[in-house]
Each structure stands twice: as C-alpha cells, then as structure tokens.
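Here's the structure, in structure tokens; my notes come after.
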Amino acid sequence: MTSLHLQGSILLLLLFGGGLVLLLLQYRGLLVSKQSAVRLVLLICRTLVVIFIVFLIANPFLKWRGQKKRAPVVAVFTDLSTSMNSDSVNAADSMTGILKRLENKIENSGGVSTLFGFGESIRPLSLDAPIQFKDERTDFTNLGEKMQAAGADYSFLLTDGIATTGTNLTSLSFEECPPVTVLVFGNEQRISSIRIAKVRYPHSVIQGDTLKLDVSLSYLLDQQTPATLRLLDANHNIVSQRLIKPGPGEGFMKVAFSVPGENLTEALTVDVVPSGTSLNLTTNEYPLQVDIQSKYEKVLLFSGSLSFNSRFIKNRLTVLPRVEVEHYFRPDGVTWNNAPEKALQEIPAMIVLDDFPVSASDRVLFNRITQKCSEKNIPLIYFEGPGSNRAAGNLLVKQFQLTISGNPSGTKVSLQMPASAVSFVDFTGIDRIPPQQRNLIWSAPSGNIIEYSDGKSAIFQHQENFPFIGIFMPEIAAVSLKSSMTLETNYLRGIIDDLLLLELLSEKSFARLTTDKPVYDYGDVVELAVNTNATLGKSPALVQIKMISAESGETVTLPALLNADTGVYKADFVPRSQGKWTAVDLVTWSNGEVITADTANFNVREVRAEDRVSMPNLSGLRHIAESTKGSIYMINALDSMLNSVKITPVQSEYDFQFSAISLQKYWAFLILLLGIEWWLRKRNGLL
C-alpha cells in the first residue's frame, strides 16, 4: 500500500509557487540580450532552484508497506541437572547426538539456532565442549522470561521437568513465549510413594503444654491409599496417630494434629505407614528435636541472717520468668526453717546466698553448696549483707580468688562503669546511683562487672568451675529504695534483674538454632532458624550461622536475616558435600561480644534431590506446551518429533517512508545551482 501526503501548507505553496513562476518569467526577459547558451544555462539553474524550493515548501511525505522473509531463530534449552542421567539419555554423548540432530534440522530449515543449558542457572551452551549433567538443582522460575528475552521464533525444551527448587512449573506463565516443543526425558512408569517432606513444630515447649505438629506429605499414587501418620516415642510406642487418605495422582497434603503434654518426651519420631505393602516409601520416618522445659525453674535462696536486703532479693527473684523460690533462713539466727541438706539433694536452676556465710561455723554448708554447684554447673549468686565480716569473707576469698584489704573509712562510695561490660547488662545511669557504705573492701585482679570509684569490686564475676557472681553492696536494699524515691528510674534494680536473669538462663538458652529437618538428600536446601529468647527483652546486633562439615572439614559462615513478622533469624544453605554437618550460631550483642548459644546437627544423604523423583513431570511440561501452542513428545518419539515439527521462514512486514526534509544532504545541490547562476550573472554583467 502506497500513500502520498503534502505536509506543507497548500495556500503557501500556491502563493509562493505562483510568485516564483512570475519572477522566473521576468528573469527570462532580462536574459534576452545574452547569448543563447548563457541564457539557457541561467534559465535552467533558476528553474531548478524554483522547483526545489517549491518541493521543500510542499514537503511531501511518501509511505509504502512491503513484505520480506527472514531466517527463523530457534532457541534450544537443555536440562543439565543430574536427574537427566537416566536410562532415557544413558550418557552425555547421547544428548550431544540429539542436539546435533536438532541443529541439523534447524539448519536444513533455513533457521539459526541458539543453545542454552539450565539447572541451577540458565547460561549459553556450546557443543564444542562435552555436555555434563552436574547441576545439583533445577530451577524453572526464570525459564519463561529467558525464552522471551532470547528473541526466538521457535523454542525447544529438553528436560524431565523435575524442579527441585524455585516455583512449580504449573504455577509459571509462558503465554508470552514463542511456541515451545517439549522433548520429555525419563521413565513413564509410575512408582507409588508417600514421603514425609517436612514437619513444622515448636522446637521448645513447656512441660505439660500441647505440642502442635504440621506435617507436609508428598505422594505419587495410582489410587487413593489409606495410611497412618504416627508419632512415636524413643521405644517406638505410639504417642499419637492420624488416619490419612492421600491420592490418587501426584501432589502434596498437610496434616495437623496435636499431642497432649502428658505424653511428650524429648525423643520423638514421625512416620507414615501405608496399608499397601507394595508401596515404595522414599522417606517414611522423621525424627523431631524437641526441648521440653520444666514448668518452673527452682531457685534456692539461703539467708544467713534476715535483713531488709532479704526481702529485696526475694522480690527480685520472684519477678524472674517461670521461677519458684525456696527460701531457707534462720529465724533465730541459729536454726534453719527447713533442713538445707534436703534442698541440696535436688538440682536447682540457681542458688542465691543472702548474707551467707556469716561466720566460720557456716563453712561446712558453704562448702557443700559450692561442691554441688561445681558438680552440676549451677550458677551461684552471693549478696553481701549487713552481717558480713572478714571471717566469713575469707571463705569466699579462698574459693573465688578474691582479696579483702584495709578497713572502710565509713564514708560513702559511688559506683562507676567497669572497663568491660557484660552482655545484656544495661549500665545506663550507673553514675546516678546514690553512694553507699561498705563493710569490707573487696578486690580482684579481673572479673569486675561494676567497681567503686576507688577501683575496688562492687559486683564481681568468676567463671572457673561454675558461674559465680559476688554482689558486694551491704546496703543494696536501702540504696535501691532511695533510687526509687529520687530518680525517675531505679537503675540499680535494673542491673540486678539483668544479672539474675543472665545467670538463670545461661548463654546456651539465649538463642535456639534449628534446622527444618534432620536428614537431607544431596542438593536439598537446608532451612536454618535462630530464635532469640524473648525473656531477655533485647535483640542481637548481628546473627550468623557457621556451617561445618565433619567429612571434608569445609566451613561456611552465613548471615541470618531477621523476619520482622515472626522475629526469627533465617538463613538457607545448600551443602556441597555429604555426611554429617554441624551448624553453630554466632550471636553478636550490642557490646560487641559474640556468644555461641546453640548448635544443630544434620546429615546429608547420598541420595540426590535431583534423583529422588524417577518419573518426569508430565503435567508441568504439558502446561508449557499448551500455554505456548506448542507440542510435547517423549524421548522415544524423537524421530517423530524431528519429522513432525515444521520450522518455516518468518514473513514480516516493513514500512518505508520518504519526506522532503529527509533530503538535507541534497540541499548542497541547491547551493551549487545558486552559486553557478551567481557566477554566470556576474561574469555577464547582470549583477
């Protein structure tokens, strides 16, 4: 189709055209006296100039459409994952042969081929190098976008459709892609299976609470198959069970059930038992990692002599989470309200000494307490009281490498920041705590948490044999009361609360590291999660997870990112070797201290995630073929595919347009004509 448009003004064209013709006639009259040859040349030059100017004023626009054929572009996408090492391909050289036959067909059809390989990523592929099926994972997520970006007219997809990571094939969009011919690799024979894919559950529960499980099952069944999902204890006794009916077909199902608290033990296993004995179960057992915490943590409080401090200390203990305080004291200063020996037969979470020992006669009980702490690694907290003296203090000196020097002058001494801070303890406002008197002057070469202004120990920490904290503030209750009355915040009480909580929990309970399952197939993604203890009321500055392979010695450190919705730090990891792996959390707090709070172990089996599914994903591959108006063939129909699929030249339309403005480069001809005319006129006396 051809069309002509005059883009200039018709009125101006007529006015200027008519005027130029009149001027041309007048100009012709001026040339009558000249030689005919000169007159002819001048007239021709002026006429051509007039015609050129009229043409520019009209500015015609000429447009027409044509058709042409070009060679088709064909993109070939080949799956390079390990699952392609099957009987249908047999070896990589067989795939090379298939690709060469496909290239020959494309070339004989006048097309141009572009090869891509995909698996863990999509990249260009060359037949000059050997083809290797080494990708441990197959991700189809970006395949549709890559097919569009390749700019091909036809696409071939050679794969088994087994996706081990990323989005499922049936959920992806391929509508904008060119027609895709799918060549399916793999065994069409169905192998029935039921597999426990994942179990989501709280890794820490309070004794007596109900345990809630969410079990994800994958299945491949020819018919609906009744099965029993069971929770077993360490002796394989059934704790709880649910009847399920998965199938028919291929899919996933989720089953939720609860386990009463009285039936809980730490060693639990989930398994699935089908009614059909012919089923091939790829995974039918899933161990759980459950930390069952006691409902109450018992704390023993020994008061050598009751004082105002005793009530303060007991109040601070009772505000701790899940704490049950057993208070032993001597009402008359001699006889205990209950026999302390009986209390030491148990294993408490923490022991607190309130102004105990008060004399050398307390040596036997004090030694029994420290021996119990040493044997069971029980934290011990000592509060100096009004009754403290050098004789009793010497018992602590010998045990914890302390010294008592000089006599207090009776003046009150203020507190100051230590050289190094302890994790979680907020020392804000320490300089505003009222000064206080001392009964004894304690000092230590190291380990001070808080010091007096003269550098002597106010709060001391010792970690040898068992955790110990000495609080050398005999007026602590009075100072705390004065702080409450004179300050907007009771800073001293806050410091004591943090220290008690720190010792009660221990660093091992600051964070909990878990994996989403205990056993993985080679190539699986390990989902790691770090839950920080909400009781602390503080968040870490940085959370990292260090992965250690027991087989190869390989170590990898991963950053764990905070999920704002759940408050859990998460990281993903793909092991590069088989065998036992250990994950270690590295939690960095605001003061820069790094704490290893927890570890988690898991095993990587020789079974590769790519090889776990033995049959192709026909439903997903049909989705691609149907979405692109392509076709699908099994590998044993390769010859049929090569004969049936037509690759024809691509016919396209193009537009060609022409306008006067586009002739700028020819304007030099106009200038040349004007120059020649000017020169002739000057030479002949016409200027």
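Residues are referred to by chain and number: the chain letter is A, B, ... according to the order shown in the structure tokens, the number counts from 1 in that chain, and ligands are numbered separately from 1 in the order shown.
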Exercise for the section: List every residue of stretch 395-519 of chain A that DSSP, applied to the backbone of this structure, assigns to strand (DSSP E), and report them as JSON, numbers by chain. Expected result: {"A": [403, 404, 415, 416, 442, 443, 448, 449, 450, 451, 452, 457, 458, 459, 460, 461, 462, 468, 469, 470, 471, 511, 512, 513, 514, 515, 519]}
Practice task
Please provide as a ChimeraX atom specification all residues within 12 Å of stretch 639-643 of chain A, with the sequence filter that same-chain residues fewer than 3 positions apart are discarded (counting only C-alpha atoms).
Solution key: /A:98-106,108-109,156,181-184,630-636,646-647
Let me see the file: selected residues, N, CA, C and O atoms, as a tab-separated table (two decimals), in the first residue's frame.
```
chain	number	residue	atom	x	y	z
A	98	ILE	N	21.67	-35.97	20.16
A	98	ILE	CA	20.31	-35.44	19.99
A	98	ILE	C	20.36	-33.97	19.59
A	98	ILE	O	19.65	-33.52	18.68
A	99	LEU	N	21.23	-33.20	20.26
A	99	LEU	CA	21.32	-31.77	19.96
A	99	LEU	C	21.86	-31.54	18.55
A	99	LEU	O	21.43	-30.60	17.86
A	100	LYS	N	22.80	-32.36	18.11
A	100	LYS	CA	23.33	-32.20	16.75
A	100	LYS	C	22.27	-32.51	15.71
A	100	LYS	O	22.17	-31.82	14.68
A	101	ARG	N	21.45	-33.54	15.96
A	101	ARG	CA	20.36	-33.83	15.03
A	101	ARG	C	19.36	-32.68	14.99
A	101	ARG	O	18.84	-32.32	13.92
A	102	LEU	N	19.11	-32.10	16.13
A	102	LEU	CA	18.19	-30.97	16.19
A	102	LEU	C	18.77	-29.76	15.47
A	102	LEU	O	18.06	-29.04	14.74
A	103	GLU	N	20.07	-29.52	15.63
A	103	GLU	CA	20.72	-28.42	14.93
A	103	GLU	C	20.67	-28.62	13.42
A	103	GLU	O	20.46	-27.67	12.66
A	104	ASN	N	20.88	-29.85	12.97
A	104	ASN	CA	20.82	-30.14	11.53
A	104	ASN	C	19.43	-29.84	10.98
A	104	ASN	O	19.29	-29.30	9.88
A	105	LYS	N	18.39	-30.21	11.73
A	105	LYS	CA	17.03	-29.94	11.28
A	105	LYS	C	16.80	-28.44	11.15
A	105	LYS	O	16.21	-27.96	10.17
A	106	ILE	N	17.27	-27.70	12.17
A	106	ILE	CA	17.10	-26.24	12.14
A	106	ILE	C	17.85	-25.63	10.96
A	106	ILE	O	17.34	-24.77	10.24
A	108	ASN	N	18.76	-27.15	8.13
A	108	ASN	CA	18.14	-27.56	6.86
A	108	ASN	C	16.84	-26.80	6.61
A	108	ASN	O	16.40	-26.70	5.46
A	109	SER	N	16.24	-26.28	7.68
A	109	SER	CA	15.01	-25.50	7.53
A	109	SER	C	15.31	-24.02	7.30
A	109	SER	O	14.39	-23.20	7.25
A	156	PHE	N	12.77	-25.08	21.67
A	156	PHE	CA	12.74	-26.49	22.05
A	156	PHE	C	13.19	-26.60	23.50
A	156	PHE	O	14.14	-25.92	23.92
A	181	THR	N	8.36	-26.64	21.71
A	181	THR	CA	8.26	-28.09	21.51
A	181	THR	C	9.03	-28.75	22.65
A	181	THR	O	10.24	-28.51	22.81
A	182	VAL	N	8.35	-29.54	23.46
A	182	VAL	CA	8.95	-30.15	24.64
A	182	VAL	C	9.32	-31.59	24.31
A	182	VAL	O	8.47	-32.37	23.85
A	183	LEU	N	10.59	-31.94	24.55
A	183	LEU	CA	11.06	-33.32	24.43
A	183	LEU	C	11.29	-33.85	25.85
A	183	LEU	O	12.17	-33.37	26.56
A	184	VAL	N	10.47	-34.81	26.26
A	184	VAL	CA	10.44	-35.26	27.65
A	184	VAL	C	11.39	-36.44	27.85
A	184	VAL	O	11.31	-37.44	27.13
A	630	GLY	N	2.44	-25.03	21.61
A	630	GLY	CA	3.48	-25.89	21.07
A	630	GLY	C	3.05	-27.34	21.09
A	630	GLY	O	1.86	-27.66	20.97
A	631	SER	N	4.02	-28.24	21.26
A	631	SER	CA	3.72	-29.68	21.26
A	631	SER	C	4.65	-30.38	22.24
A	631	SER	O	5.63	-29.80	22.71
A	632	ILE	N	4.34	-31.63	22.57
A	632	ILE	CA	5.12	-32.38	23.55
A	632	ILE	C	5.34	-33.80	23.03
A	632	ILE	O	4.42	-34.42	22.47
A	633	TYR	N	6.58	-34.30	23.19
A	633	TYR	CA	6.95	-35.64	22.72
A	633	TYR	C	7.80	-36.31	23.80
A	633	TYR	O	8.59	-35.65	24.48
A	634	MET	N	7.63	-37.62	23.96
A	634	MET	CA	8.52	-38.39	24.81
A	634	MET	C	9.82	-38.66	24.06
A	634	MET	O	9.87	-38.60	22.82
A	635	ILE	N	10.89	-38.95	24.80
A	635	ILE	CA	12.20	-39.14	24.18
A	635	ILE	C	12.19	-40.28	23.18
A	635	ILE	O	12.90	-40.24	22.17
A	636	ASN	N	11.37	-41.31	23.43
A	636	ASN	CA	11.35	-42.43	22.48
A	636	ASN	C	10.63	-42.08	21.18
A	636	ASN	O	10.59	-42.87	20.24
A	646	LYS	N	7.54	-28.37	12.15
A	646	LYS	CA	7.90	-27.58	10.99
A	646	LYS	C	8.53	-26.26	11.44
A	646	LYS	O	7.99	-25.55	12.29
A	647	ILE	N	9.68	-25.96	10.85
A	647	ILE	CA	10.36	-24.69	11.09
A	647	ILE	C	10.39	-23.94	9.78
A	647	ILE	O	11.10	-24.34	8.85
```
Exercise for the section: Please provide as a list in words all residues within 8 Å of A:Ala152, with the sequence filter that same-chain residues fewer than 5 positions apart are discarded (counting only C-alpha atoms). Expected result: Pro72, Val73, Val74, Ala75, Met147 and Pro178 of chain A
Restrict the selected residues to all heavy atoms and save them as a CSV table (one decimal), in the first residue's frame.
```csv
chain,number,residue,atom,x,y,z
A,72,PRO,N,14.3,-18.1,10.4
A,72,PRO,CA,13.8,-18.2,11.7
A,72,PRO,C,14.9,-18.4,12.8
A,72,PRO,O,15.9,-19.0,12.5
A,72,PRO,CB,12.9,-19.4,11.7
A,72,PRO,CG,13.5,-20.3,10.6
A,72,PRO,CD,14.0,-19.3,9.6
A,73,VAL,N,14.7,-17.8,14.0
A,73,VAL,CA,15.6,-18.0,15.1
A,73,VAL,C,15.0,-19.0,16.0
A,73,VAL,O,13.9,-18.9,16.5
A,73,VAL,CB,15.9,-16.7,15.8
A,73,VAL,CG1,16.8,-16.9,17.0
A,73,VAL,CG2,16.4,-15.6,14.9
A,74,VAL,N,15.8,-20.1,16.3
A,74,VAL,CA,15.3,-21.2,17.2
A,74,VAL,C,16.2,-21.3,18.4
A,74,VAL,O,17.4,-21.4,18.3
A,74,VAL,CB,15.3,-22.5,16.4
A,74,VAL,CG1,14.8,-23.6,17.3
A,74,VAL,CG2,14.6,-22.4,15.1
A,75,ALA,N,15.6,-21.2,19.6
A,75,ALA,CA,16.3,-21.4,20.9
A,75,ALA,C,16.1,-22.8,21.4
A,75,ALA,O,14.9,-23.3,21.5
A,75,ALA,CB,15.9,-20.3,21.9
A,147,MET,N,13.1,-17.4,27.8
A,147,MET,CA,12.6,-17.7,26.5
A,147,MET,C,12.1,-16.5,25.7
A,147,MET,O,12.3,-16.3,24.5
A,147,MET,CB,11.4,-18.7,26.6
A,147,MET,CG,11.9,-20.1,26.9
A,147,MET,SD,10.5,-21.3,27.0
A,147,MET,CE,11.3,-22.8,27.1
A,178,PRO,N,7.4,-17.9,22.6
A,178,PRO,CA,7.1,-18.5,21.2
A,178,PRO,C,6.7,-19.9,21.4
A,178,PRO,O,6.8,-20.5,22.5
A,178,PRO,CB,8.5,-18.4,20.5
A,178,PRO,CG,9.5,-18.3,21.6
A,178,PRO,CD,8.8,-17.6,22.7
```
Handout entry: For A:Phe427, the nearest of the candidates A:Gly494, A:Gly470, A:Gly117, A:Gly387, counting only C-alpha atoms
Key =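 Checking each candidate against A:Phe427, we get A:Gly494 as the closest.
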Practice task
Do a neighbour search on A:Cys45 at 6 Å with only C-alpha atoms, toss out local chain neighbours closer than 3 positions, and write the hits as a ChimeraX atom specification.
Solution key: /A:42,48,673
Practice task
Select, from A:Asp585, A:Asp214, A:Glu527, A:Glu136, the residue with the minimum atom-to-atom distance to A:Arg200, counting only C-alpha atoms.
Solution key: A:Asp214
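With only C-alpha atoms as the basis for measurement, A:Asn465 is the residue among A:Thr515, A:Asn465, A:Thr582, A:Ser506 that approaches A:Asn377 most closely.
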Exercise for the section: Measure the distance from atom CA of A:Ser216 to atom CA of A:Met615 in Å and round it to one decimal. Expected result: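 The value is 20.9 Å.
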Practice task
Extract, using only C-alpha atoms, all DNA, RNA and protein residues at most 7 Å from A:Thr596, discarding same-chain residues fewer than 3 positions from it, and format them as a list in words.
Solution key: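 In the requested format, the answer is Val584, Asp585, Leu586 and Val587 of chain A.
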Keeping only N, CA and C atoms, write the selected residues as a PDB file, in the first residue's frame.
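Below you can see again_13.pdb, which holds the result:
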```
ATOM      1  N   VAL A 584      26.430 -23.881  63.836  1.00  0.00           N
ATOM      2  CA  VAL A 584      26.720 -23.179  65.088  1.00  0.00           C
ATOM      3  C   VAL A 584      26.263 -21.731  64.935  1.00  0.00           C
ATOM      4  N   ASP A 585      25.442 -21.257  65.878  1.00  0.00           N
ATOM      5  CA  ASP A 585      25.029 -19.854  65.776  1.00  0.00           C
ATOM      6  C   ASP A 585      26.053 -18.955  66.462  1.00  0.00           C
ATOM      7  N   LEU A 586      26.313 -17.814  65.840  1.00  0.00           N
ATOM      8  CA  LEU A 586      27.229 -16.804  66.360  1.00  0.00           C
ATOM      9  C   LEU A 586      26.412 -15.531  66.551  1.00  0.00           C
ATOM     10  N   VAL A 587      26.058 -15.242  67.807  1.00  0.00           N
ATOM     11  CA  VAL A 587      25.168 -14.122  68.115  1.00  0.00           C
ATOM     12  C   VAL A 587      26.002 -12.982  68.689  1.00  0.00           C
TER      13      VAL A 587
END
```
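For the pair atom CA of A:Val604 and atom CA of A:Pro274, the interatomic distance is 25.7 Å.
Here the question is which of A:Asp79, A:Pro246, A:Ser113, A:Ile496 gets nearest to A:Asp160 using only C-alpha atoms, and that residue is A:Asp79.
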Exercise for the section: Record the distance separating atom CA of A:Tyr452 and atom CA of A:Ile495, expressed in Å with one decimal. Expected result: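 About the pair atom CA of A:Tyr452 and atom CA of A:Ile495: they are 15.0 Å apart.
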Practice task
Tell me which protein, DNA and RNA residues are within 12 Å of stretch 549-554 of chain A, counting only C-alpha atoms, leaving out same-chain ones fewer than 4 positions away, and put them as a ChimeraX atom specification.
Solution key: /A:574-584,601-604
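Ranking A:Phe252, A:Tyr522, A:Phe472, A:Phe466 by their shortest atom-to-atom distance to A:Ile378, with only C-alpha atoms included, puts A:Phe466 first.
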Exercise for the section: From a DSSP calculation on the backbone, collect every residue of stretch 251-327 of chain A in alpha helix (DSSP H) and output the set as a PyMOL selection string. Expected result: chain A and resi 308-318
I need the chosen residues saved as a short mmCIF file (atom, residue, chain, number, x, y, z; two decimals), in the first residue's frame, with all heavy atoms.
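As a result, out_11.cif now contains:
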```
data_model
loop_
_atom_site.label_atom_id
_atom_site.label_comp_id
_atom_site.auth_asym_id
_atom_site.auth_seq_id
_atom_site.Cartn_x
_atom_site.Cartn_y
_atom_site.Cartn_z
N PHE A 308 16.76 -6.24 105.74
CA PHE A 308 16.00 -5.52 104.72
C PHE A 308 16.39 -6.00 103.32
O PHE A 308 15.56 -6.03 102.40
CB PHE A 308 16.26 -4.02 104.89
CG PHE A 308 15.40 -3.15 104.02
CD1 PHE A 308 14.11 -3.54 103.64
CD2 PHE A 308 15.86 -1.91 103.59
CE1 PHE A 308 13.32 -2.73 102.84
CE2 PHE A 308 15.07 -1.10 102.79
CZ PHE A 308 13.80 -1.51 102.42
N ASN A 309 17.64 -6.43 103.20
CA ASN A 309 18.11 -6.96 101.91
C ASN A 309 17.37 -8.23 101.50
O ASN A 309 17.16 -8.49 100.32
CB ASN A 309 19.61 -7.25 101.96
CG ASN A 309 20.45 -5.99 101.95
OD1 ASN A 309 19.90 -4.88 101.88
ND2 ASN A 309 21.76 -6.14 102.04
N SER A 310 16.99 -9.05 102.50
CA SER A 310 16.38 -10.35 102.21
C SER A 310 15.10 -10.19 101.40
O SER A 310 14.86 -10.91 100.43
CB SER A 310 16.10 -11.11 103.51
OG SER A 310 17.30 -11.30 104.24
N ARG A 311 14.27 -9.24 101.81
CA ARG A 311 13.02 -9.02 101.07
C ARG A 311 13.32 -8.50 99.66
O ARG A 311 12.67 -8.92 98.70
CB ARG A 311 12.13 -8.05 101.83
CG ARG A 311 10.89 -7.65 101.05
CD ARG A 311 9.94 -6.83 101.88
NE ARG A 311 9.34 -7.63 102.93
CZ ARG A 311 8.40 -7.17 103.77
NH1 ARG A 311 7.97 -5.92 103.67
NH2 ARG A 311 7.89 -7.96 104.70
N PHE A 312 14.29 -7.58 99.55
CA PHE A 312 14.65 -7.05 98.23
C PHE A 312 15.10 -8.18 97.30
O PHE A 312 14.67 -8.26 96.14
CB PHE A 312 15.77 -6.01 98.39
CG PHE A 312 16.39 -5.57 97.10
CD1 PHE A 312 15.79 -4.62 96.30
CD2 PHE A 312 17.59 -6.14 96.67
CE1 PHE A 312 16.38 -4.23 95.10
CE2 PHE A 312 18.18 -5.76 95.48
CZ PHE A 312 17.57 -4.79 94.69
N ILE A 313 15.97 -9.07 97.80
CA ILE A 313 16.50 -10.16 96.97
C ILE A 313 15.39 -11.11 96.56
O ILE A 313 15.29 -11.51 95.39
CB ILE A 313 17.61 -10.91 97.74
CG1 ILE A 313 18.80 -9.97 97.98
CG2 ILE A 313 18.05 -12.14 96.97
CD1 ILE A 313 19.83 -10.53 98.94
N LYS A 314 14.52 -11.47 97.51
CA LYS A 314 13.45 -12.41 97.17
C LYS A 314 12.48 -11.81 96.15
O LYS A 314 11.99 -12.50 95.24
CB LYS A 314 12.71 -12.83 98.44
CG LYS A 314 11.72 -13.97 98.20
CD LYS A 314 11.19 -14.53 99.50
CE LYS A 314 10.27 -15.73 99.23
NZ LYS A 314 9.75 -16.31 100.50
N ASN A 315 12.20 -10.51 96.29
CA ASN A 315 11.33 -9.85 95.32
C ASN A 315 11.94 -9.86 93.92
O ASN A 315 11.24 -10.05 92.92
CB ASN A 315 11.05 -8.42 95.75
CG ASN A 315 10.09 -8.33 96.93
OD1 ASN A 315 9.36 -9.29 97.20
ND2 ASN A 315 10.09 -7.22 97.63
N ARG A 316 13.24 -9.66 93.86
CA ARG A 316 13.90 -9.65 92.55
C ARG A 316 13.88 -11.05 91.93
O ARG A 316 13.81 -11.21 90.72
CB ARG A 316 15.36 -9.18 92.66
CG ARG A 316 15.55 -7.85 93.27
CD ARG A 316 15.12 -6.59 92.50
NE ARG A 316 14.23 -6.63 91.41
CZ ARG A 316 12.95 -6.25 91.48
NH1 ARG A 316 12.41 -5.88 92.63
NH2 ARG A 316 12.19 -6.25 90.42
N LEU A 317 13.95 -12.09 92.73
CA LEU A 317 13.91 -13.46 92.21
C LEU A 317 12.52 -13.83 91.73
O LEU A 317 12.37 -14.53 90.72
CB LEU A 317 14.36 -14.44 93.30
CG LEU A 317 15.84 -14.39 93.68
CD1 LEU A 317 16.12 -15.31 94.87
CD2 LEU A 317 16.72 -14.79 92.50
N THR A 318 11.49 -13.37 92.42
CA THR A 318 10.13 -13.77 92.07
C THR A 318 9.65 -13.13 90.77
O THR A 318 8.68 -13.62 90.16
CB THR A 318 9.15 -13.42 93.20
OG1 THR A 318 9.29 -12.02 93.52
CG2 THR A 318 9.44 -14.25 94.44
#
```
